[in-house]
Amino acid sequence: MSAPTQNATERLLTPGEVATLFRVDPKTVTRWASAGRIGSIRTPGGHRRFRESEVRGMLADLTSEATIGTHHH
């Protein structure tokens, strides 16, 4: 089983799909992209798309931060 090349198979997510993953509003995702918190790709039509690997990396960071804060004594 050969590993596929990263870029050719990488899924691009729409702001709506990213918003669903983070459980936020799509407008929030667009704000993050404008602020540079998340890398975005512009389609020829001017829409933003987000790399799935980057989104999942951010999601992993967020969830690990969240779990650190929830431990009770």
# chains A, B, ... in the order shown; residues from 1 in each chain; ligands from 1
>>> residues_around(residues="Phe22 of chain A", least_positions_apart="2", cutoff="10 Å", atoms="only C-alpha atoms", output="list in words")
Gly16, Glu17, Val18, Ala19, Thr20, Val24, Asp25, Pro26, Thr28, Val29, Val55, Arg56, Met58, Leu59, Leu62 and Thr63 of chain A
>>> write_last_selection(atoms="N, CA and C atoms", output="short mmCIF file (atom, residue, chain, number, x, y, z; two decimals), in the first residue's frame")
data_model
loop_
_atom_site.label_atom_id
_atom_site.label_comp_id
_atom_site.auth_asym_id
_atom_site.auth_seq_id
_atom_site.Cartn_x
_atom_site.Cartn_y
_atom_site.Cartn_z
N GLY A 16 -18.22 26.24 6.09
CA GLY A 16 -19.33 25.58 6.77
C GLY A 16 -18.92 24.25 7.38
N GLU A 17 -18.09 23.48 6.64
CA GLU A 17 -17.64 22.19 7.16
C GLU A 17 -16.71 22.39 8.35
N VAL A 18 -15.83 23.39 8.24
CA VAL A 18 -14.92 23.69 9.34
C VAL A 18 -15.72 24.13 10.57
N ALA A 19 -16.74 24.97 10.33
CA ALA A 19 -17.58 25.46 11.43
C ALA A 19 -18.25 24.31 12.16
N THR A 20 -18.70 23.31 11.40
CA THR A 20 -19.34 22.15 12.01
C THR A 20 -18.35 21.40 12.91
N VAL A 24 -18.79 26.01 15.71
CA VAL A 24 -18.90 27.47 15.74
C VAL A 24 -19.67 27.91 14.49
N ASP A 25 -19.90 29.21 14.40
CA ASP A 25 -20.58 29.78 13.25
C ASP A 25 -19.59 29.90 12.09
N PRO A 26 -20.04 29.69 10.85
CA PRO A 26 -19.13 29.88 9.71
C PRO A 26 -18.49 31.26 9.67
N THR A 28 -17.40 32.86 12.18
CA THR A 28 -16.26 32.77 13.08
C THR A 28 -15.05 32.21 12.34
N VAL A 29 -15.30 31.18 11.55
CA VAL A 29 -14.22 30.57 10.77
C VAL A 29 -13.61 31.58 9.81
N VAL A 55 -6.85 21.88 9.59
CA VAL A 55 -8.05 22.01 10.42
C VAL A 55 -8.02 20.98 11.55
N ARG A 56 -7.70 19.72 11.17
CA ARG A 56 -7.68 18.66 12.18
C ARG A 56 -6.55 18.88 13.19
N MET A 58 -5.50 21.87 14.20
CA MET A 58 -6.02 22.90 15.10
C MET A 58 -7.03 22.31 16.07
N LEU A 59 -7.87 21.42 15.55
CA LEU A 59 -8.90 20.79 16.36
C LEU A 59 -8.25 19.98 17.48
N LEU A 62 -6.94 22.35 20.12
CA LEU A 62 -8.04 22.90 20.92
C LEU A 62 -8.58 21.89 21.91
N THR A 63 -8.76 20.64 21.45
CA THR A 63 -9.35 19.65 22.35
C THR A 63 -8.37 19.28 23.46
#
>>> residues_around(residues="Phe50 of chain A", least_positions_apart="5", cutoff="6 Å", atoms="only C-alpha atoms", output="ChimeraX atom specification")
/A:12-13,40
>>> closest_residue(among="A:Lys27, A:Thr9, A:Asp61, A:Pro15", to="Ile41 of chain A", atoms="only C-alpha atoms")
A:Pro15
>>> select_by_dssp(residues="segment 22-60 of chain A", states="strand (DSSP E or B)", output="NGL selection string")
:A and (41-42 or 48-51)
>>> write_last_selection(atoms="N, CA, C and O atoms", output="mmCIF file, in the first residue's frame")
data_model
loop_
_atom_site.group_PDB
_atom_site.id
_atom_site.type_symbol
_atom_site.label_atom_id
_atom_site.label_comp_id
_atom_site.auth_asym_id
_atom_site.auth_seq_id
_atom_site.Cartn_x
_atom_site.Cartn_y
_atom_site.Cartn_z
ATOM 1 N N ILE A 41 -7.178 28.903 1.597
ATOM 2 C CA ILE A 41 -6.854 28.930 0.183
ATOM 3 C C ILE A 41 -8.025 29.596 -0.511
ATOM 4 O O ILE A 41 -9.180 29.289 -0.216
ATOM 5 N N ARG A 42 -7.724 30.496 -1.434
ATOM 6 C CA ARG A 42 -8.798 31.152 -2.183
ATOM 7 C C ARG A 42 -9.026 30.401 -3.488
ATOM 8 O O ARG A 42 -8.080 30.161 -4.223
ATOM 9 N N ARG A 48 -13.242 30.844 0.269
ATOM 10 C CA ARG A 48 -12.171 30.295 1.090
ATOM 11 C C ARG A 48 -12.328 28.790 1.206
ATOM 12 O O ARG A 48 -13.427 28.281 1.368
ATOM 13 N N ARG A 49 -11.190 28.108 1.176
ATOM 14 C CA ARG A 49 -11.180 26.675 1.460
ATOM 15 C C ARG A 49 -10.065 26.440 2.467
ATOM 16 O O ARG A 49 -9.080 27.175 2.495
ATOM 17 N N PHE A 50 -10.230 25.393 3.267
ATOM 18 C CA PHE A 50 -9.274 25.117 4.337
ATOM 19 C C PHE A 50 -8.748 23.706 4.198
ATOM 20 O O PHE A 50 -9.498 22.784 3.896
ATOM 21 N N ARG A 51 -7.445 23.525 4.418
ATOM 22 C CA ARG A 51 -6.844 22.197 4.316
ATOM 23 C C ARG A 51 -7.302 21.342 5.488
ATOM 24 O O ARG A 51 -7.166 21.740 6.644
#
